[in-house]
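Structure data (TSV, N, CA and C atoms) from target02.tsv:
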chain	number	residue	atom	x	y	z
R	1	MET	N	144.94	-12.51	34.32
R	1	MET	CA	145.73	-11.37	34.75
R	1	MET	C	145.97	-11.45	36.26
R	2	ASP	N	147.22	-11.37	36.66
R	2	ASP	CA	147.57	-11.43	38.07
R	2	ASP	C	147.19	-10.12	38.75
R	3	LYS	N	146.71	-10.25	39.99
R	3	LYS	CA	146.40	-9.07	40.77
R	3	LYS	C	147.69	-8.55	41.40
R	4	SER	N	147.76	-7.25	41.56
R	4	SER	CA	148.91	-6.65	42.23
R	4	SER	C	148.84	-6.95	43.73
R	5	ARG	N	149.97	-6.80	44.39
R	5	ARG	CA	149.99	-6.96	45.85
R	5	ARG	C	149.01	-6.00	46.52
R	6	LEU	N	148.91	-4.81	45.95
R	6	LEU	CA	148.01	-3.80	46.49
R	6	LEU	C	146.57	-4.26	46.40
R	7	THR	N	146.16	-4.76	45.25
R	7	THR	CA	144.79	-5.23	45.06
R	7	THR	C	144.49	-6.40	45.98
R	8	VAL	N	145.42	-7.32	46.11
R	8	VAL	CA	145.23	-8.46	47.00
R	8	VAL	C	145.04	-7.98	48.44
R	9	ALA	N	145.87	-7.03	48.87
R	9	ALA	CA	145.76	-6.50	50.23
R	9	ALA	C	144.40	-5.84	50.45
R	10	LEU	N	143.94	-5.07	49.48
R	10	LEU	CA	142.63	-4.41	49.61
R	10	LEU	C	141.50	-5.43	49.57
R	11	ASP	N	141.61	-6.43	48.70
R	11	ASP	CA	140.59	-7.49	48.65
R	11	ASP	C	140.49	-8.22	49.99
R	12	GLU	N	141.64	-8.48	50.60
R	12	GLU	CA	141.65	-9.18	51.89
R	12	GLU	C	141.08	-8.32	53.00
R	13	ARG	N	141.32	-7.02	52.96
R	13	ARG	CA	140.84	-6.12	54.01
R	13	ARG	C	139.35	-5.80	53.86
R	14	PHE	N	138.90	-5.56	52.63
R	14	PHE	CA	137.53	-5.08	52.42
R	14	PHE	C	136.63	-6.23	51.95
R	15	THR	N	136.22	-7.04	52.91
R	15	THR	CA	135.34	-8.18	52.62
R	15	THR	C	133.88	-7.86	52.90
R	16	ASP	N	133.63	-6.81	53.66
R	16	ASP	CA	132.25	-6.42	53.99
R	16	ASP	C	131.74	-5.44	52.94
R	17	ILE	N	130.84	-5.92	52.11
R	17	ILE	CA	130.36	-5.09	50.99
R	17	ILE	C	129.60	-3.86	51.49
R	18	GLU	N	128.98	-3.93	52.64
R	18	GLU	CA	128.29	-2.75	53.17
R	18	GLU	C	129.29	-1.66	53.54
R	19	GLU	N	130.43	-2.05	54.08
R	19	GLU	CA	131.49	-1.08	54.37
R	19	GLU	C	132.01	-0.48	53.07
R	20	VAL	N	132.20	-1.31	52.06
R	20	VAL	CA	132.66	-0.85	50.75
R	20	VAL	C	131.67	0.17	50.18
R	21	LYS	N	130.39	-0.12	50.28
R	21	LYS	CA	129.36	0.81	49.78
R	21	LYS	C	129.37	2.12	50.54
R	22	ASP	N	129.54	2.05	51.87
R	22	ASP	CA	129.60	3.27	52.68
R	22	ASP	C	130.77	4.14	52.28
R	23	ILE	N	131.93	3.53	52.09
R	23	ILE	CA	133.12	4.29	51.69
R	23	ILE	C	132.92	4.88	50.30
R	24	GLN	N	132.36	4.08	49.40
R	24	GLN	CA	132.11	4.56	48.04
R	24	GLN	C	131.17	5.76	48.05
R	25	GLU	N	130.20	5.72	48.91
R	25	GLU	CA	129.21	6.80	48.95
R	25	GLU	C	129.68	8.03	49.72
R	26	HIS	N	130.38	7.83	50.83
R	26	HIS	CA	130.71	8.94	51.72
R	26	HIS	C	132.19	9.31	51.77
R	27	GLY	N	133.07	8.42	51.31
R	27	GLY	CA	134.50	8.69	51.34
R	27	GLY	C	135.13	8.36	52.68
R	28	CYS	N	136.43	8.26	52.67
R	28	CYS	CA	137.17	7.90	53.88
R	28	CYS	C	137.13	8.99	54.95
R	29	ALA	N	137.05	10.23	54.56
R	29	ALA	CA	137.02	11.32	55.54
R	29	ALA	C	135.78	11.23	56.42
R	30	SER	N	134.68	10.72	55.87
R	30	SER	CA	133.44	10.60	56.62
R	30	SER	C	133.32	9.27	57.35
R	31	CYS	N	133.89	8.23	56.79
R	31	CYS	CA	133.79	6.91	57.43
R	31	CYS	C	135.08	6.14	57.21
R	32	ALA	N	136.14	6.62	57.82
R	32	ALA	CA	137.45	5.98	57.68
R	32	ALA	C	137.38	4.54	58.19
R	33	PRO	N	137.81	3.61	57.36
R	33	PRO	CA	137.74	2.20	57.77
R	33	PRO	C	138.80	1.87	58.82
R	34	SER	N	138.49	0.92	59.68
R	34	SER	CA	139.47	0.52	60.69
R	34	SER	C	140.74	0.05	59.99
R	35	GLY	N	141.84	0.40	60.59
R	35	GLY	CA	143.14	0.10	60.00
R	35	GLY	C	143.64	1.20	59.09
R	36	PHE	N	142.77	2.19	58.83
R	36	PHE	CA	143.14	3.32	57.96
R	36	PHE	C	142.65	4.64	58.56
R	37	ILE	N	142.58	4.70	59.87
R	37	ILE	CA	142.08	5.89	60.56
R	37	ILE	C	143.22	6.86	60.87
R	38	TYR	N	144.28	6.33	61.43
R	38	TYR	CA	145.37	7.17	61.94
R	38	TYR	C	146.46	7.34	60.90
R	39	TYR	N	147.14	8.48	61.00
R	39	TYR	CA	148.23	8.77	60.07
R	39	TYR	C	149.28	7.66	60.05
R	40	TYR	N	149.64	7.15	61.22
R	40	TYR	CA	150.68	6.12	61.26
R	40	TYR	C	150.25	4.86	60.52
R	41	GLU	N	148.95	4.53	60.54
R	41	GLU	CA	148.45	3.36	59.81
R	41	GLU	C	148.55	3.60	58.30
R	42	ASN	N	148.16	4.76	57.88
R	42	ASN	CA	148.18	5.08	56.45
R	42	ASN	C	149.61	5.26	55.94
R	43	ARG	N	150.47	5.81	56.78
R	43	ARG	CA	151.88	5.95	56.40
R	43	ARG	C	152.51	4.56	56.22
R	44	LYS	N	152.22	3.64	57.13
R	44	LYS	CA	152.74	2.28	57.03
R	44	LYS	C	152.24	1.61	55.75
R	45	PHE	N	150.94	1.74	55.44
R	45	PHE	CA	150.36	1.14	54.23
R	45	PHE	C	151.00	1.76	52.98
R	46	PHE	N	151.12	3.08	52.97
R	46	PHE	CA	151.73	3.77	51.83
R	46	PHE	C	153.15	3.27	51.61
R	47	ASN	N	153.93	3.21	52.67
R	47	ASN	CA	155.33	2.79	52.54
R	47	ASN	C	155.43	1.36	52.03
R	48	GLU	N	154.53	0.49	52.46
R	48	GLU	CA	154.57	-0.90	52.01
R	48	GLU	C	154.18	-1.06	50.54
R	49	TYR	N	153.26	-0.24	50.07
R	49	TYR	CA	152.73	-0.38	48.71
R	49	TYR	C	153.04	0.84	47.84
R	50	GLU	N	154.07	1.55	48.17
R	50	GLU	CA	154.39	2.80	47.48
R	50	GLU	C	154.52	2.64	45.96
R	51	GLU	N	155.25	1.63	45.52
R	51	GLU	CA	155.44	1.44	44.07
R	51	GLU	C	154.11	1.17	43.37
R	52	GLU	N	153.28	0.32	43.94
R	52	GLU	CA	151.99	0.00	43.33
R	52	GLU	C	151.07	1.22	43.30
R	53	LEU	N	151.09	1.99	44.39
R	53	LEU	CA	150.29	3.21	44.43
R	53	LEU	C	150.74	4.19	43.35
R	54	GLU	N	152.03	4.39	43.24
R	54	GLU	CA	152.56	5.30	42.23
R	54	GLU	C	152.18	4.86	40.83
R	55	GLU	N	152.32	3.58	40.53
R	55	GLU	CA	151.95	3.06	39.20
R	55	GLU	C	150.46	3.25	38.94
R	56	TYR	N	149.65	2.96	39.94
R	56	TYR	CA	148.20	3.09	39.78
R	56	TYR	C	147.81	4.54	39.50
R	57	PHE	N	148.29	5.45	40.33
R	57	PHE	CA	147.93	6.86	40.15
R	57	PHE	C	148.51	7.43	38.85
R	58	GLN	N	149.70	7.01	38.50
R	58	GLN	CA	150.28	7.48	37.24
R	58	GLN	C	149.44	7.00	36.06
R	59	GLY	N	148.94	5.77	36.14
R	59	GLY	CA	148.10	5.25	35.07
R	59	GLY	C	146.79	6.00	34.91
R	60	ILE	N	146.27	6.52	36.00
R	60	ILE	CA	145.00	7.26	35.95
R	60	ILE	C	145.22	8.74	35.68
R	61	PHE	N	146.13	9.36	36.41
R	61	PHE	CA	146.27	10.81	36.40
R	61	PHE	C	147.45	11.33	35.59
R	62	GLY	N	148.32	10.44	35.11
R	62	GLY	CA	149.46	10.86	34.31
R	62	GLY	C	150.71	11.06	35.14
R	63	ASP	N	151.77	11.45	34.46
R	63	ASP	CA	153.08	11.57	35.08
R	63	ASP	C	153.15	12.62	36.19
R	64	ASP	N	152.31	13.63	36.12
R	64	ASP	CA	152.38	14.69	37.13
R	64	ASP	C	151.33	14.51	38.23
R	65	TRP	N	150.95	13.26	38.50
R	65	TRP	CA	149.91	12.99	39.49
R	65	TRP	C	150.24	13.55	40.86
R	66	MET	N	151.51	13.50	41.26
R	66	MET	CA	151.87	14.02	42.59
R	66	MET	C	151.59	15.52	42.68
R	67	GLN	N	151.96	16.24	41.65
R	67	GLN	CA	151.72	17.69	41.64
R	67	GLN	C	150.22	17.99	41.65
R	68	GLN	N	149.45	17.18	40.93
R	68	GLN	CA	147.99	17.35	40.93
R	68	GLN	C	147.42	17.14	42.32
R	69	PHE	N	147.87	16.10	43.00
R	69	PHE	CA	147.37	15.82	44.35
R	69	PHE	C	147.69	16.97	45.29
R	70	VAL	N	148.90	17.48	45.20
R	70	VAL	CA	149.30	18.58	46.08
R	70	VAL	C	148.51	19.83	45.75
R	71	ALA	N	148.28	20.09	44.47
R	71	ALA	CA	147.54	21.28	44.06
R	71	ALA	C	146.05	21.18	44.40
R	72	ASP	N	145.50	19.97	44.30
R	72	ASP	CA	144.06	19.77	44.52
R	72	ASP	C	143.68	19.76	46.00
R	73	LYS	N	144.60	19.47	46.86
R	73	LYS	CA	144.31	19.36	48.28
R	73	LYS	C	145.27	20.24	49.07
R	74	THR	N	144.95	20.47	50.30
R	74	THR	CA	145.84	21.18	51.19
R	74	THR	C	146.84	20.17	51.73
R	75	VAL	N	147.85	19.89	50.94
R	75	VAL	CA	148.87	18.91	51.30
R	75	VAL	C	150.19	19.66	51.39
R	76	SER	N	150.64	19.84	52.62
R	76	SER	CA	151.86	20.62	52.82
R	76	SER	C	153.00	19.82	53.42
R	77	ASP	N	152.75	18.54	53.70
R	77	ASP	CA	153.81	17.72	54.28
R	77	ASP	C	153.63	16.27	53.83
R	78	THR	N	154.64	15.47	54.08
R	78	THR	CA	154.67	14.08	53.63
R	78	THR	C	153.58	13.25	54.31
R	79	VAL	N	153.35	13.47	55.58
R	79	VAL	CA	152.35	12.68	56.31
R	79	VAL	C	150.97	12.89	55.70
R	80	THR	N	150.61	14.11	55.45
R	80	THR	CA	149.31	14.42	54.86
R	80	THR	C	149.21	13.87	53.44
R	81	PHE	N	150.29	13.97	52.68
R	81	PHE	CA	150.31	13.44	51.32
R	81	PHE	C	150.08	11.94	51.31
R	82	LYS	N	150.78	11.22	52.17
R	82	LYS	CA	150.62	9.76	52.22
R	82	LYS	C	149.22	9.38	52.65
R	83	ASN	N	148.68	10.10	53.63
R	83	ASN	CA	147.31	9.84	54.08
R	83	ASN	C	146.32	10.05	52.93
R	84	TYR	N	146.48	11.15	52.22
R	84	TYR	CA	145.60	11.45	51.09
R	84	TYR	C	145.69	10.37	50.01
R	85	CYS	N	146.89	9.93	49.70
R	85	CYS	CA	147.07	8.89	48.68
R	85	CYS	C	146.37	7.59	49.08
R	86	VAL	N	146.55	7.19	50.32
R	86	VAL	CA	145.93	5.94	50.78
R	86	VAL	C	144.42	6.05	50.76
R	87	TRP	N	143.89	7.15	51.28
R	87	TRP	CA	142.43	7.31	51.26
R	87	TRP	C	141.89	7.38	49.83
R	88	MET	N	142.61	8.06	48.95
R	88	MET	CA	142.18	8.13	47.54
R	88	MET	C	142.16	6.73	46.93
R	89	MET	N	143.19	5.93	47.22
R	89	MET	CA	143.25	4.58	46.69
R	89	MET	C	142.08	3.75	47.20
R	90	ILE	N	141.79	3.84	48.48
R	90	ILE	CA	140.68	3.09	49.07
R	90	ILE	C	139.36	3.52	48.44
R	91	GLU	N	139.16	4.81	48.27
R	91	GLU	CA	137.91	5.30	47.68
R	91	GLU	C	137.75	4.83	46.23
R	92	LEU	N	138.82	4.87	45.46
R	92	LEU	CA	138.76	4.38	44.08
R	92	LEU	C	138.54	2.87	44.04
R	93	TYR	N	139.19	2.15	44.94
R	93	TYR	CA	138.99	0.71	45.03
R	93	TYR	C	137.52	0.39	45.33
R	94	CYS	N	136.95	1.08	46.32
R	94	CYS	CA	135.56	0.84	46.70
R	94	CYS	C	134.60	1.21	45.56
R	95	LEU	N	134.89	2.28	44.87
R	95	LEU	CA	134.09	2.66	43.71
R	95	LEU	C	134.10	1.55	42.67
R	96	GLY	N	135.26	1.00	42.41
R	96	GLY	CA	135.38	-0.11	41.44
R	96	GLY	C	134.62	-1.35	41.88
R	97	ARG	N	134.71	-1.66	43.19
R	97	ARG	CA	133.99	-2.84	43.71
R	97	ARG	C	132.48	-2.67	43.56
R	98	VAL	N	131.97	-1.50	43.87
R	98	VAL	CA	130.52	-1.24	43.75
R	98	VAL	C	130.12	-1.28	42.29
R	99	ASP	N	130.91	-0.71	41.40
R	99	ASP	CA	130.63	-0.76	39.97
R	99	ASP	C	130.56	-2.22	39.48
R	100	GLN	N	131.48	-3.07	39.97
R	100	GLN	CA	131.45	-4.48	39.61
R	100	GLN	C	130.16	-5.15	40.03
R	101	LEU	N	129.70	-4.84	41.23
R	101	LEU	CA	128.45	-5.43	41.74
R	101	LEU	C	127.27	-5.02	40.87
R	102	ILE	N	127.24	-3.76	40.51
R	102	ILE	CA	126.13	-3.24	39.71
R	102	ILE	C	126.13	-3.84	38.32
R	103	ASN	N	127.31	-3.99	37.74
R	103	ASN	CA	127.41	-4.45	36.35
R	103	ASN	C	127.46	-5.97	36.19
R	104	ASN	N	127.49	-6.71	37.27
R	104	ASN	CA	127.50	-8.17	37.17
R	104	ASN	C	126.21	-8.79	37.59
Show me this structure written as structure tokens.
Amino acid sequence: MDKSRLTVALDERFTDIEEVKDIQEHGCASCAPSGFIYYYENRKFFNEYEEELEEYFQGIFGDDWMQQFVADKTVSDTVTFKNYCVWMMIELYCLGRVDQLINN
């Protein structure tokens, strides 16, 4: 199975398993990884991988995933929405990586 561009990008960025564990345990709001701290960084990442992010979230949360994200968080503008999506993706990615380590 081919990896998506999004997965490849995350694999290339998150090579330090201790950082992955920290994010998995505490979330991006508590320990935002370098390159994903500022809104402009997350907006750029979102814009580059928008289609993959949408497909991923739709696969997990269903067709109304955007409405769920807006309802679940205080998301009142596009910048905050994109930031939330990127951080959510990173947290889910890190959770999956830690689960792989535990189960292998």
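Taking CA of Ile23 (chain R) as the reference point, atom N of Gly59 (chain R) is found at 22.2 Å.
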### Point-to-point distance in Å for CA of Leu92 (chain R) and CA of Ile60 (chain R)
10.6 Å
### Query
For Leu95 (chain R), which of R:Thr15, R:Ser4, R:Ser30, R:Gln24 is the closest residue, counting only N, CA and C atoms?
R:Gln24
### Query
Just asking: which residues within chain R are helix (DSSP H, G or I) according to DSSP, as an MDAnalysis selection string?
chainID R and resid 5:13 17:26 39:48 50:61 65:72 78:103
Residues at most 12 Å from Phe57 (chain R), counting only C-alpha atoms, excluding those fewer than 2 positions away in the same chain, as a compact mmCIF listing (two decimals) with N, CA and C atoms, keeping the file's coordinate frame?
# COMPACT_ATOMS: atom_id res chain seq x y z
N GLU R 50 154.07 1.55 48.17
CA GLU R 50 154.39 2.80 47.48
C GLU R 50 154.52 2.64 45.96
N GLU R 51 155.25 1.63 45.52
CA GLU R 51 155.44 1.44 44.07
C GLU R 51 154.11 1.17 43.37
N GLU R 52 153.28 0.32 43.94
CA GLU R 52 151.99 0.00 43.33
C GLU R 52 151.07 1.22 43.30
N LEU R 53 151.09 1.99 44.39
CA LEU R 53 150.29 3.21 44.43
C LEU R 53 150.74 4.19 43.35
N GLU R 54 152.03 4.39 43.24
CA GLU R 54 152.56 5.30 42.23
C GLU R 54 152.18 4.86 40.83
N GLU R 55 152.32 3.58 40.53
CA GLU R 55 151.95 3.06 39.20
C GLU R 55 150.46 3.25 38.94
N GLY R 59 148.94 5.77 36.14
CA GLY R 59 148.10 5.25 35.07
C GLY R 59 146.79 6.00 34.91
N ILE R 60 146.27 6.52 36.00
CA ILE R 60 145.00 7.26 35.95
C ILE R 60 145.22 8.74 35.68
N PHE R 61 146.13 9.36 36.41
CA PHE R 61 146.27 10.81 36.40
C PHE R 61 147.45 11.33 35.59
N GLY R 62 148.32 10.44 35.11
CA GLY R 62 149.46 10.86 34.31
C GLY R 62 150.71 11.06 35.14
N ASP R 63 151.77 11.45 34.46
CA ASP R 63 153.08 11.57 35.08
C ASP R 63 153.15 12.62 36.19
N ASP R 64 152.31 13.63 36.12
CA ASP R 64 152.38 14.69 37.13
C ASP R 64 151.33 14.51 38.23
N TRP R 65 150.95 13.26 38.50
CA TRP R 65 149.91 12.99 39.49
C TRP R 65 150.24 13.55 40.86
N MET R 66 151.51 13.50 41.26
CA MET R 66 151.87 14.02 42.59
C MET R 66 151.59 15.52 42.68
N GLN R 67 151.96 16.24 41.65
CA GLN R 67 151.72 17.69 41.64
C GLN R 67 150.22 17.99 41.65
N GLN R 68 149.45 17.18 40.93
CA GLN R 68 147.99 17.35 40.93
C GLN R 68 147.42 17.14 42.32
N PHE R 69 147.87 16.10 43.00
CA PHE R 69 147.37 15.82 44.35
C PHE R 69 147.69 16.97 45.29
N CYS R 85 146.89 9.93 49.70
CA CYS R 85 147.07 8.89 48.68
C CYS R 85 146.37 7.59 49.08
N VAL R 86 146.55 7.19 50.32
CA VAL R 86 145.93 5.94 50.78
C VAL R 86 144.42 6.05 50.76
N MET R 88 142.61 8.06 48.95
CA MET R 88 142.18 8.13 47.54
C MET R 88 142.16 6.73 46.93
N MET R 89 143.19 5.93 47.22
CA MET R 89 143.25 4.58 46.69
C MET R 89 142.08 3.75 47.20
N LEU R 92 138.82 4.87 45.46
CA LEU R 92 138.76 4.38 44.08
C LEU R 92 138.54 2.87 44.04
N TYR R 93 139.19 2.15 44.94
CA TYR R 93 138.99 0.71 45.03
C TYR R 93 137.52 0.39 45.33
### Message
Please compute the CA of His26 (chain R)-CA of Gly96 (chain R) distance, one decimal, in Å.
### Response
14.5 Å
### Query
Which residues, written as number ranges by chain, have at least one atom at most 12 Å from Lys44 (chain R), with only C-alpha atoms counted and residues fewer than 3 positions away on the same chain left out?
R: 35-41, 47-50, 79, 82-83, 86
